[in-house]
$ cat upload.pdb   # PDB, C-alpha atoms
ATOM      1  CA  MET A  21      95.251 111.788  65.187
ATOM      2  CA  SER A  22      95.360 107.962  65.179
ATOM      3  CA  PRO A  23      93.819 106.177  68.169
ATOM      4  CA  GLY A  24      96.428 105.674  70.861
ATOM      5  CA  VAL A  25      98.631 108.540  69.703
ATOM      6  CA  PRO A  26      98.765 111.357  72.301
ATOM      7  CA  LEU A  27      97.336 114.653  71.135
ATOM      8  CA  PRO A  28      99.885 117.495  70.983
ATOM      9  CA  ILE A  29     100.070 119.516  74.189
ATOM     10  CA  SER A  30      98.312 122.825  73.686
ATOM     11  CA  ALA A  31      96.627 125.594  75.640
ATOM     12  CA  SER A  32      93.526 123.385  75.833
ATOM     13  CA  THR A  33      95.295 120.353  77.347
ATOM     14  CA  ARG A  34      93.892 119.436  80.770
ATOM     15  CA  LEU A  35      95.848 117.824  83.592
ATOM     16  CA  CYS A  36      95.476 114.937  86.020
ATOM     17  CA  ALA A  37      98.123 113.901  88.536
ATOM     18  CA  VAL A  38      99.250 111.518  91.228
ATOM     19  CA  TYR A  39     100.359 113.047  94.542
ATOM     20  CA  GLY A  40     102.709 111.125  96.792
ATOM     21  CA  PHE A  41     105.909 111.377  98.792
ATOM     22  CA  PRO A  42     108.046 109.859  97.472
ATOM     23  CA  VAL A  43     106.484 109.543  94.033
ATOM     24  CA  ARG A  44     109.358 109.384  91.540
ATOM     25  CA  HIS A  45     108.999 105.605  91.341
ATOM     26  CA  SER A  46     105.324 105.784  90.298
ATOM     27  CA  ALA A  47     104.241 103.827  87.231
ATOM     28  CA  SER A  48     100.859 105.568  87.112
ATOM     29  CA  PRO A  49     101.820 108.229  84.506
ATOM     30  CA  ALA A  50     102.823 105.587  81.945
ATOM     31  CA  MET A  51      99.608 103.655  82.506
ATOM     32  CA  GLN A  52      97.254 106.633  82.627
ATOM     33  CA  ASN A  53      98.738 108.485  79.665
ATOM     34  CA  ALA A  54      98.373 105.336  77.544
ATOM     35  CA  GLY A  55      94.720 105.089  78.560
ATOM     36  CA  ILE A  56      94.131 108.792  77.950
ATOM     37  CA  ALA A  57      95.654 108.552  74.469
ATOM     38  CA  ALA A  58      93.579 105.476  73.620
ATOM     39  CA  LEU A  59      90.426 107.411  74.527
ATOM     40  CA  GLY A  60      91.537 110.349  72.349
ATOM     41  CA  LEU A  61      91.394 112.807  75.257
ATOM     42  CA  ASP A  62      93.360 116.064  75.238
ATOM     43  CA  TRP A  63      94.674 115.347  78.746
ATOM     44  CA  ARG A  64      98.029 114.610  80.375
ATOM     45  CA  TYR A  65      98.797 112.828  83.651
ATOM     46  CA  VAL A  66     101.820 113.810  85.739
ATOM     47  CA  ALA A  67     103.417 112.794  89.043
ATOM     48  CA  CYS A  68     103.918 115.408  91.753
ATOM     49  CA  ALA A  69     106.007 115.027  94.898
ATOM     50  CA  VAL A  70     103.791 116.440  97.655
ATOM     51  CA  ARG A  71     104.828 116.345 101.299
ATOM     52  CA  PRO A  72     102.017 115.445 103.706
ATOM     53  CA  GLU A  73     102.147 118.835 105.421
ATOM     54  CA  THR A  74     101.439 120.566 102.080
ATOM     55  CA  LEU A  75      98.719 118.222 100.794
ATOM     56  CA  LYS A  76      95.868 120.628 101.513
ATOM     57  CA  GLU A  77      97.597 123.455  99.622
ATOM     58  CA  ALA A  78      98.516 121.140  96.746
ATOM     59  CA  LEU A  79      94.896 120.035  96.333
ATOM     60  CA  ALA A  80      93.703 123.639  96.458
ATOM     61  CA  GLY A  81      96.284 124.494  93.804
ATOM     62  CA  ALA A  82      95.065 121.696  91.553
ATOM     63  CA  ALA A  83      91.501 122.965  91.915
ATOM     64  CA  ALA A  84      92.598 126.523  91.119
ATOM     65  CA  MET A  85      94.409 125.291  88.009
ATOM     66  CA  ARG A  86      91.358 123.289  86.923
ATOM     67  CA  PHE A  87      92.931 119.848  87.170
ATOM     68  CA  LEU A  88      90.410 117.164  86.290
ATOM     69  CA  GLY A  89      91.468 114.672  88.921
ATOM     70  CA  VAL A  90      94.199 113.513  91.267
ATOM     71  CA  ASN A  91      95.259 110.112  92.527
ATOM     72  CA  LEU A  92      96.655 109.909  96.045
ATOM     73  CA  THR A  93      99.270 107.423  97.159
ATOM     74  CA  VAL A  94     101.377 107.025 100.305
ATOM     75  CA  PRO A  95     101.156 108.887 102.681
ATOM     76  CA  HIS A  96      98.038 110.822 101.687
ATOM     77  CA  LYS A  97      95.068 108.436 101.566
ATOM     78  CA  LEU A  98      93.934 108.908 105.151
ATOM     79  CA  LEU A  99      94.983 112.551 105.396
ATOM     80  CA  ALA A 100      92.750 113.492 102.476
ATOM     81  CA  LEU A 101      89.530 112.258 104.067
ATOM     82  CA  ASP A 102      88.907 115.483 105.983
ATOM     83  CA  MET A 103      90.011 117.655 103.055
ATOM     84  CA  MET A 104      87.251 116.570 100.675
ATOM     85  CA  ASP A 105      84.101 118.615 100.133
ATOM     86  CA  VAL A 106      82.133 115.413  99.607
ATOM     87  CA  LEU A 107      82.931 111.713  99.920
ATOM     88  CA  ASP A 108      81.675 108.996  97.613
ATOM     89  CA  ALA A 109      80.196 105.914  99.306
ATOM     90  CA  SER A 110      83.419 104.009  98.566
ATOM     91  CA  ALA A 111      85.595 106.497 100.467
ATOM     92  CA  ARG A 112      83.166 106.601 103.392
ATOM     93  CA  ARG A 113      82.988 102.832 103.594
ATOM     94  CA  TRP A 114      86.715 102.117 103.426
ATOM     95  CA  GLY A 115      87.877 105.227 105.255
ATOM     96  CA  ALA A 116      90.503 106.273 102.719
ATOM     97  CA  VAL A 117      90.701 108.405  99.564
ATOM     98  CA  ASN A 118      92.920 107.452  96.640
ATOM     99  CA  THR A 119      91.050 109.257  93.852
ATOM    100  CA  VAL A 120      89.859 112.864  93.777
ATOM    101  CA  ARG A 121      87.520 114.244  91.122
ATOM    102  CA  PHE A 122      87.282 118.014  90.722
ATOM    103  CA  GLU A 123      83.733 119.091  89.961
ATOM    104  CA  GLY A 124      82.306 122.382  88.795
ATOM    105  CA  GLN A 125      78.921 123.907  89.613
ATOM    106  CA  ASP A 126      77.152 124.946  86.442
ATOM    107  CA  ALA A 127      74.563 127.675  85.892
ATOM    108  CA  SER A 128      71.741 125.372  86.991
ATOM    109  CA  GLY A 129      73.492 124.650  90.298
ATOM    110  CA  ALA A 130      74.370 121.053  89.341
ATOM    111  CA  TRP A 131      77.808 119.642  90.137
ATOM    112  CA  ARG A 132      79.515 118.046  87.142
ATOM    113  CA  PRO A 133      83.025 116.634  86.505
ATOM    114  CA  LEU A 134      85.299 119.427  85.269
ATOM    115  CA  GLY A 135      85.985 117.382  82.150
ATOM    116  CA  GLU A 136      82.360 117.913  81.145
ATOM    117  CA  VAL A 137      82.096 121.660  81.718
ATOM    118  CA  GLY A 138      84.017 124.593  80.301
ATOM    119  CA  ASP A 139      85.907 126.932  82.604
ATOM    120  CA  ASP A 140      83.642 129.833  81.740
ATOM    121  CA  ALA A 141      80.559 127.882  82.839
ATOM    122  CA  VAL A 142      81.842 127.087  86.346
ATOM    123  CA  SER A 143      80.777 129.213  89.296
ATOM    124  CA  ALA A 144      82.424 127.077  92.011
ATOM    125  CA  ILE A 145      84.669 124.008  92.319
ATOM    126  CA  ARG A 146      84.562 121.157  94.807
ATOM    127  CA  MET A 147      86.548 117.980  95.450
ATOM    128  CA  GLN A 148      84.837 114.595  95.655
ATOM    129  CA  GLY A 149      86.859 111.744  97.143
ATOM    130  CA  PHE A 150      86.636 108.109  96.026
ATOM    131  CA  ASN A 151      88.351 104.845  96.889
ATOM    132  CA  THR A 152      89.151 102.536  93.973
ATOM    133  CA  ASP A 153      91.718 100.444  95.892
ATOM    134  CA  ALA A 154      89.288  98.163  97.692
ATOM    135  CA  ASP A 155      87.513  96.818  94.609
ATOM    136  CA  ALA A 156      90.855  96.578  92.775
ATOM    137  CA  ILE A 157      92.097  94.139  95.427
ATOM    138  CA  ILE A 158      89.162  91.791  94.882
ATOM    139  CA  ARG A 159      89.468  91.981  91.092
ATOM    140  CA  ALA A 160      93.224  91.375  91.156
ATOM    141  CA  LEU A 161      92.836  88.344  93.416
ATOM    142  CA  ARG A 162      90.201  86.900  91.106
ATOM    143  CA  GLU A 163      91.789  87.656  87.730
ATOM    144  CA  ASP A 164      95.494  87.379  88.563
ATOM    145  CA  ALA A 165      95.661  84.862  91.410
ATOM    146  CA  GLY A 166      92.554  82.816  90.629
ATOM    147  CA  VAL A 167      91.109  83.361  94.115
ATOM    148  CA  ILE A 168      87.420  84.059  94.709
ATOM    149  CA  ALA A 169      87.345  85.927  98.011
ATOM    150  CA  ALA A 170      83.828  84.853  98.974
ATOM    151  CA  GLY A 171      84.144  81.680 101.013
ATOM    152  CA  ALA A 172      87.952  81.735 101.039
ATOM    153  CA  ARG A 173      90.271  81.226 104.005
ATOM    154  CA  VAL A 174      92.759  84.111 103.960
ATOM    155  CA  LEU A 175      95.904  84.954 105.895
ATOM    156  CA  LEU A 176      96.557  88.693 105.601
ATOM    157  CA  LEU A 177     100.041  89.959 106.454
ATOM    158  CA  GLY A 178     100.043  93.644 107.418
ATOM    159  CA  ALA A 179      97.393  95.846 109.010
ATOM    160  CA  GLY A 180      98.619  99.267 107.868
ATOM    161  CA  GLY A 181      96.856 101.465 105.303
ATOM    162  CA  ALA A 182      96.716  98.942 102.447
ATOM    163  CA  GLY A 183      96.252  95.983 104.769
ATOM    164  CA  ARG A 184      93.410  97.641 106.635
ATOM    165  CA  VAL A 185      91.465  98.366 103.418
ATOM    166  CA  ALA A 186      92.120  94.826 102.181
ATOM    167  CA  ALA A 187      90.858  93.352 105.459
ATOM    168  CA  LEU A 188      87.677  95.429 105.449
ATOM    169  CA  ARG A 189      86.973  94.610 101.795
ATOM    170  CA  LEU A 190      87.635  90.892 102.225
ATOM    171  CA  ALA A 191      85.240  90.825 105.174
ATOM    172  CA  VAL A 192      82.498  92.482 103.140
ATOM    173  CA  GLU A 193      83.133  90.046 100.289
ATOM    174  CA  GLY A 194      82.316  87.185 102.652
ATOM    175  CA  VAL A 195      85.537  85.323 103.372
ATOM    176  CA  LYS A 196      85.083  82.122 105.339
ATOM    177  CA  LYS A 197      87.928  82.956 107.735
ATOM    178  CA  LEU A 198      90.368  85.848 107.968
ATOM    179  CA  TRP A 199      93.590  85.757 109.968
ATOM    180  CA  LEU A 200      95.316  89.093 110.596
ATOM    181  CA  VAL A 201      99.036  89.271 111.308
ATOM    182  CA  ASN A 202     100.967  92.478 111.918
ATOM    183  CA  ARG A 203     104.356  93.277 113.413
ATOM    184  CA  THR A 204     102.521  95.296 116.076
ATOM    185  CA  GLU A 205      99.757  92.932 117.155
ATOM    186  CA  SER A 206      97.608  95.705 118.617
ATOM    187  CA  LYS A 207      97.218  97.221 115.153
ATOM    188  CA  ALA A 208      95.845  93.940 113.811
ATOM    189  CA  ALA A 209      93.500  93.820 116.795
ATOM    190  CA  GLU A 210      92.229  97.310 115.967
ATOM    191  CA  VAL A 211      91.398  96.229 112.413
ATOM    192  CA  ALA A 212      89.649  93.103 113.690
ATOM    193  CA  LYS A 213      87.613  95.280 116.045
ATOM    194  CA  GLU A 214      86.682  97.590 113.158
ATOM    195  CA  ILE A 215      85.529  94.610 111.085
ATOM    196  CA  LEU A 216      83.360  93.276 113.924
ATOM    197  CA  ALA A 217      81.845  96.704 114.572
ATOM    198  CA  ALA A 218      80.788  96.900 110.920
ATOM    199  CA  ASP A 219      79.588  93.283 110.744
ATOM    200  CA  PRO A 220      78.983  91.337 113.979
ATOM    201  CA  ALA A 221      78.418  88.239 111.833
ATOM    202  CA  MET A 222      82.196  88.125 111.338
ATOM    203  CA  ALA A 223      82.547  87.016 114.996
ATOM    204  CA  GLY A 224      84.492  83.760 114.975
ATOM    205  CA  ARG A 225      85.572  84.363 111.379
ATOM    206  CA  VAL A 226      88.198  87.045 111.973
ATOM    207  CA  GLN A 227      91.167  86.251 114.180
ATOM    208  CA  VAL A 228      94.468  87.882 115.101
ATOM    209  CA  GLY A 229      97.398  85.503 114.594
ATOM    210  CA  TYR A 230      98.401  82.617 112.366
ATOM    211  CA  PRO A 231      96.138  79.806 111.166
ATOM    212  CA  GLU A 232      96.665  76.266 112.369
ATOM    213  CA  GLY A 233      95.791  74.581 109.085
ATOM    214  CA  ALA A 234      95.592  75.296 105.375
ATOM    215  CA  VAL A 235      94.463  78.549 103.758
ATOM    216  CA  ASP A 236      93.322  79.375 100.258
ATOM    217  CA  LEU A 237      95.343  82.580 100.104
ATOM    218  CA  VAL A 238      98.206  84.325 101.861
ATOM    219  CA  LEU A 239      98.228  88.027 101.031
ATOM    220  CA  ASN A 240     101.203  90.306 101.727
ATOM    221  CA  ALA A 241     100.232  93.917 102.415
ATOM    222  CA  THR A 242     103.525  94.823 104.117
ATOM    223  CA  SER A 243     106.529  96.585 102.564
ATOM    224  CA  ALA A 244     108.801  93.574 103.214
ATOM    225  CA  GLY A 245     110.329  92.689  99.854
ATOM    226  CA  LEU A 246     110.661  96.171  98.438
ATOM    227  CA  LYS A 247     114.372  96.318  99.250
ATOM    228  CA  PRO A 248     117.062  93.664  98.698
ATOM    229  CA  GLY A 249     117.728  91.781 101.890
ATOM    230  CA  ASP A 250     114.276  92.355 103.370
ATOM    231  CA  PRO A 251     113.083  89.452 105.550
ATOM    232  CA  LEU A 252     110.054  87.374 104.680
ATOM    233  CA  PRO A 253     106.828  89.055 105.863
ATOM    234  CA  TYR A 254     105.788  86.096 108.032
ATOM    235  CA  ASP A 255     107.204  84.106 110.933
ATOM    236  CA  THR A 256     108.698  81.003 109.291
ATOM    237  CA  ALA A 257     108.322  79.097 112.556
ATOM    238  CA  ARG A 258     104.558  79.663 112.505
ATOM    239  CA  PHE A 259     103.634  79.531 108.836
ATOM    240  CA  ASP A 260     104.852  77.856 105.673
ATOM    241  CA  PRO A 261     103.472  78.774 102.209
ATOM    242  CA  SER A 262     103.079  75.077 101.393
ATOM    243  CA  ARG A 263      99.885  75.422 103.436
ATOM    244  CA  ALA A 264      98.467  78.036 101.022
ATOM    245  CA  GLY A 265      96.810  77.504  97.675
ATOM    246  CA  ALA A 266      97.814  80.928  96.366
ATOM    247  CA  ALA A 267     100.085  83.811  97.346
ATOM    248  CA  TYR A 268      99.561  87.446  96.379
ATOM    249  CA  ASP A 269     102.012  90.275  97.046
ATOM    250  CA  MET A 270     100.848  93.890  96.753
ATOM    251  CA  ILE A 271     104.440  94.767  95.818
ATOM    252  CA  TYR A 272     105.001  94.747  92.048
ATOM    253  CA  ARG A 273     108.623  95.833  91.855
ATOM    254  CA  PRO A 274     110.543  93.505  91.943
ATOM    255  CA  ALA A 275     108.233  91.251  89.945
ATOM    256  CA  GLU A 276     109.008  88.342  92.254
ATOM    257  CA  THR A 277     109.721  89.198  95.866
ATOM    258  CA  PRO A 278     111.360  86.650  98.185
ATOM    259  CA  PHE A 279     107.846  86.016  99.539
ATOM    260  CA  LEU A 280     106.518  85.094  96.087
ATOM    261  CA  GLY A 281     109.663  83.145  95.207
ATOM    262  CA  GLU A 282     109.311  81.020  98.333
ATOM    263  CA  ALA A 283     105.593  80.521  97.697
ATOM    264  CA  ARG A 284     106.213  79.470  94.083
ATOM    265  CA  LYS A 285     108.784  76.897  95.209
ATOM    266  CA  LYS A 286     106.208  75.483  97.629
ATOM    267  CA  GLY A 287     103.648  75.003  94.832
ATOM    268  CA  CYS A 288     101.466  78.113  95.287
ATOM    269  CA  ARG A 289      99.857  80.027  92.471
ATOM    270  CA  THR A 290     101.473  83.463  92.671
ATOM    271  CA  ALA A 291     100.732  86.994  91.491
ATOM    272  CA  ASN A 292     102.144  90.423  92.280
ATOM    273  CA  GLY A 293     100.499  93.796  92.803
ATOM    274  CA  LEU A 294     100.719  95.096  89.235
ATOM    275  CA  GLY A 295      97.118  94.093  88.574
ATOM    276  CA  MET A 296      95.925  95.914  91.680
ATOM    277  CA  LEU A 297      97.655  99.080  90.463
ATOM    278  CA  LEU A 298      96.092  98.608  87.023
ATOM    279  CA  TYR A 299      92.529  98.078  88.203
ATOM    280  CA  GLN A 300      92.473 100.976  90.670
ATOM    281  CA  GLY A 301      93.946 103.247  87.979
ATOM    282  CA  ALA A 302      91.437 102.142  85.356
ATOM    283  CA  ALA A 303      88.589 102.847  87.767
ATOM    284  CA  ALA A 304      90.006 106.322  88.471
ATOM    285  CA  LEU A 305      90.158 107.120  84.751
ATOM    286  CA  GLU A 306      86.516 106.075  84.417
ATOM    287  CA  ILE A 307      85.532 108.330  87.340
ATOM    288  CA  TRP A 308      87.210 111.331  85.674
ATOM    289  CA  SER A 309      86.168 110.678  82.081
ATOM    290  CA  GLY A 310      82.816 108.916  82.370
ATOM    291  CA  ARG A 311      84.078 106.418  79.780
ATOM    292  CA  THR A 312      85.154 102.769  79.892
ATOM    293  CA  ALA A 313      88.882 102.528  80.517
ATOM    294  CA  PRO A 314      90.987 100.665  77.901
ATOM    295  CA  VAL A 315      92.338  98.157  80.404
ATOM    296  CA  GLY A 316      94.309  96.130  77.840
ATOM    297  CA  VAL A 317      96.185  99.187  76.590
ATOM    298  CA  MET A 318      96.871 100.342  80.132
ATOM    299  CA  ARG A 319      98.088  96.876  81.149
ATOM    300  CA  THR A 320     100.590  96.746  78.286
ATOM    301  CA  ALA A 321     101.921 100.235  79.026
ATOM    302  CA  LEU A 322     102.226  99.444  82.722
ATOM    303  CA  TRP A 323     104.048  96.163  82.158
ATOM    304  CA  ASP A 324     106.453  97.675  79.625
ATOM    305  CA  HIS A 325     107.217 100.612  81.921
ATOM    306  CA  VAL A 326     107.798  98.516  85.035
ATOM    307  CA  TYR A 327     109.539  95.490  83.557
ATOM    308  CA  GLY A 328     110.804  96.827  80.231
ATOM    309  CA  GLU A 329     109.860  93.799  78.197
ATOM    310  CA  ARG A 330     106.898  92.402  76.319
ATOM    311  CA  THR A 331     106.437  89.069  77.998
ATOM    312  CA  HIS A 332     102.770  89.559  78.842
ATOM    313  CA  ALA A 333     100.012  87.512  77.289
TER     314      ALA A 333
END

$ encode --input "upload.pdb" --output "structure tokens"
Amino acid sequence: MSPGVPLPISASTRLCAVYGFPVRHSASPAMQNAGIAALGLDWRYVACAVRPETLKEALAGAAAMRFLGVNLTVPHKLLALDMMDVLDASARRWGAVNTVRFEGQDASGAWRPLGEVGDDAVSAIRMQGFNTDADAIIRALREDAGVIAAGARVLLLGAGGAGRVAALRLAVEGVKKLWLVNRTESKAAEVAKEILAADPAMAGRVQVGYPEGAVDLVLNATSAGLKPGDPLPYDTARFDPSRAGAAYDMIYRPAETPFLGEARKKGCRTANGLGMLLYQGAAALEIWSGRTAPVGVMRTALWDHVYGERTHA
């Protein structure tokens, strides 16, 4: 077969999946299947609607069916922590799992990715959990928004699952100042407390509430903007994007949320969350396959699937 052309599905085809609820909107299958084809792997990647109360059974089913790996999206990333047999350092550090690798124990007792061992050679299977979201945030900010997190002044909107991981990762990266804003202020305070417990040197550099002056980046980790008519994710009486050098929205559909549209009008560099989705997915494919992900191919497939046009560089 030519490079990039999917191999025919056969009895030897192996599966990967994304679990979420809801999950029908997911762009991951288009991206991952393009990457899989480019690597010439006899794999397929599917999306499965899995309710949170059935996550444990769904993971056990994937292991029984010899899936190679699973991505986890909302609402499963925290739930999965206690379901893993072993956690990679990334999952332990950020306290969330978005990538699961199924591993088989071979005759020597060594644990190896199922993609490297035949079914007949496996005596037991385990699940190892990883987090590829945190590093994807930093890469997306650098490559898509032109923001180097180290030394930056950042206003982070949202302290939920995605916002919490972003806050922890930004702190580790060495931001100069981090302001945390959340609809429920106590949740932002909890994240600030978690940051300080991990790194007391962040005292005076992490703050709950809005900044008084300029920031290098305003980052939206809320869901405001997903639906038409959603309000802006910040208090317009307390912050104006003209005070930010760049604006990044983790939402990628629509391509320009009201938040990004307002920021663009005020002169900010802007970028949406498509790059974050791309980079976390590419890292997951590398974890499963042990090979370098074809990021360019995956980017094109992702863009075409989400926006339906070839306007990318």

$ residues_around --input "upload.pdb" --residues "Leu297 of chain A" --least-positions-apart "5" --cutoff "12 Å" --atoms "all atoms listed in the file" --output "PyMOL selection string"
chain A and resi 46-52+91+93+118+152-157+159-160+269-273+292+302-304+315+318-319+322-323+326

$ residues_around --input "upload.pdb" --residues "Gly124 of chain A" --least-positions-apart "4" --cutoff "10 Å" --atoms "all atoms listed in the file" --output "PyMOL selection string"
chain A and resi 83+86+88+129-139+141-147

$ write_last_selection --input "upload.pdb" --atoms "C-alpha atoms" --output "PDB file, in the coordinates of the input"
ATOM      1  CA  ALA A  83      91.501 122.965  91.915  1.00  0.00           C
ATOM      2  CA  ARG A  86      91.358 123.289  86.923  1.00  0.00           C
ATOM      3  CA  LEU A  88      90.410 117.164  86.290  1.00  0.00           C
ATOM      4  CA  GLY A 129      73.492 124.650  90.298  1.00  0.00           C
ATOM      5  CA  ALA A 130      74.370 121.053  89.341  1.00  0.00           C
ATOM      6  CA  TRP A 131      77.808 119.642  90.137  1.00  0.00           C
ATOM      7  CA  ARG A 132      79.515 118.046  87.142  1.00  0.00           C
ATOM      8  CA  PRO A 133      83.025 116.634  86.505  1.00  0.00           C
ATOM      9  CA  LEU A 134      85.299 119.427  85.269  1.00  0.00           C
ATOM     10  CA  GLY A 135      85.985 117.382  82.150  1.00  0.00           C
ATOM     11  CA  GLU A 136      82.360 117.913  81.145  1.00  0.00           C
ATOM     12  CA  VAL A 137      82.096 121.660  81.718  1.00  0.00           C
ATOM     13  CA  GLY A 138      84.017 124.593  80.301  1.00  0.00           C
ATOM     14  CA  ASP A 139      85.907 126.932  82.604  1.00  0.00           C
ATOM     15  CA  ALA A 141      80.559 127.882  82.839  1.00  0.00           C
ATOM     16  CA  VAL A 142      81.842 127.087  86.346  1.00  0.00           C
ATOM     17  CA  SER A 143      80.777 129.213  89.296  1.00  0.00           C
ATOM     18  CA  ALA A 144      82.424 127.077  92.011  1.00  0.00           C
ATOM     19  CA  ILE A 145      84.669 124.008  92.319  1.00  0.00           C
ATOM     20  CA  ARG A 146      84.562 121.157  94.807  1.00  0.00           C
ATOM     21  CA  MET A 147      86.548 117.980  95.450  1.00  0.00           C
TER      22      MET A 147
END

$ closest_residue --input "upload.pdb" --among "A:Pro26, A:Gly233, A:Pro95, A:Gly89" --to "Glu123 of chain A" --atoms "only C-alpha atoms"
A:Gly89

$ resolve_selection --input "upload.pdb" --expression "the PyMOL selection byres ((chain A and resi 97) around 6)" --output "ChimeraX atom specification"
/A:92,96,98-100,116-118

$ write_last_selection --input "upload.pdb" --atoms "C-alpha atoms" --output "CSV table (one decimal), keeping the file's coordinate frame"
chain,number,residue,atom,x,y,z
A,92,LEU,CA,96.7,109.9,96.0
A,96,HIS,CA,98.0,110.8,101.7
A,98,LEU,CA,93.9,108.9,105.2
A,99,LEU,CA,95.0,112.6,105.4
A,100,ALA,CA,92.8,113.5,102.5
A,116,ALA,CA,90.5,106.3,102.7
A,117,VAL,CA,90.7,108.4,99.6
A,118,ASN,CA,92.9,107.5,96.6

$ resolve_selection --input "upload.pdb" --expression "the PyMOL selection byres ((chain A and resi 211) around 10)" --output "list in words"
Ala179, Gly180, Gly183, Arg184, Val185, Ala187, Leu188, Leu200, Ser206, Lys207, Ala208, Ala209, Glu210, Ala212, Lys213, Glu214, Ile215, Leu216, Ala217, Val226 and Val228 of chain A

$ resolve_selection --input "upload.pdb" --expression "the PyMOL selection byres ((chain A and resi 78) around 12)" --output "list of chain:residue names"
A:Ala37, A:Val38, A:Tyr39, A:Gly40, A:Cys68, A:Ala69, A:Val70, A:Arg71, A:Pro72, A:Glu73, A:Thr74, A:Leu75, A:Lys76, A:Glu77, A:Leu79, A:Ala80, A:Gly81, A:Ala82, A:Ala83, A:Ala84, A:Met85, A:Phe87, A:Val90, A:Leu92, A:His96, A:Ala100, A:Met103

$ atom_distance --input "upload.pdb" --atom1 "atom CA of Thr242 of chain A" --atom2 "atom CA of Gly178 of chain A"
4.9 Å

$ atom_distance --input "upload.pdb" --atom1 "atom CA of Ala266 of chain A" --atom2 "atom CA of Cys288 of chain A"
4.7 Å

$ closest_residue --input "upload.pdb" --among "A:Thr256, A:Val174, A:Tyr230, A:Ala165" --to "Gly293 of chain A" --atoms "all atoms listed in the file"
A:Ala165

$ residues_around --input "upload.pdb" --residues "Leu237 of chain A" --least-positions-apart "2" --cutoff "10 Å" --atoms "all atoms listed in the file" --output "PyMOL selection string"
chain A and resi 161+165-169+172-176+198+234-235+239-240+261+263-268+288-290

$ residues_near_point --input "upload.pdb" --point "(113.4, 95.3, 93.6)" --cutoff "12 Å" --atoms "all atoms listed in the file" --output "list in words"
His45, Ser243, Ala244, Gly245, Leu246, Lys247, Pro248, Gly249, Asp250, Ile271, Tyr272, Arg273, Pro274, Ala275, Glu276, Thr277, Pro278, Val326 and Tyr327 of chain A

$ closest_residue --input "upload.pdb" --among "A:Ala67, A:Ala191, A:Thr119, A:Val94" --to "Pro220 of chain A" --atoms "only C-alpha atoms"
A:Ala191

$ atom_distance --input "upload.pdb" --atom1 "atom CA of Lys197 of chain A" --atom2 "atom CA of Gly115 of chain A"
22.4 Å
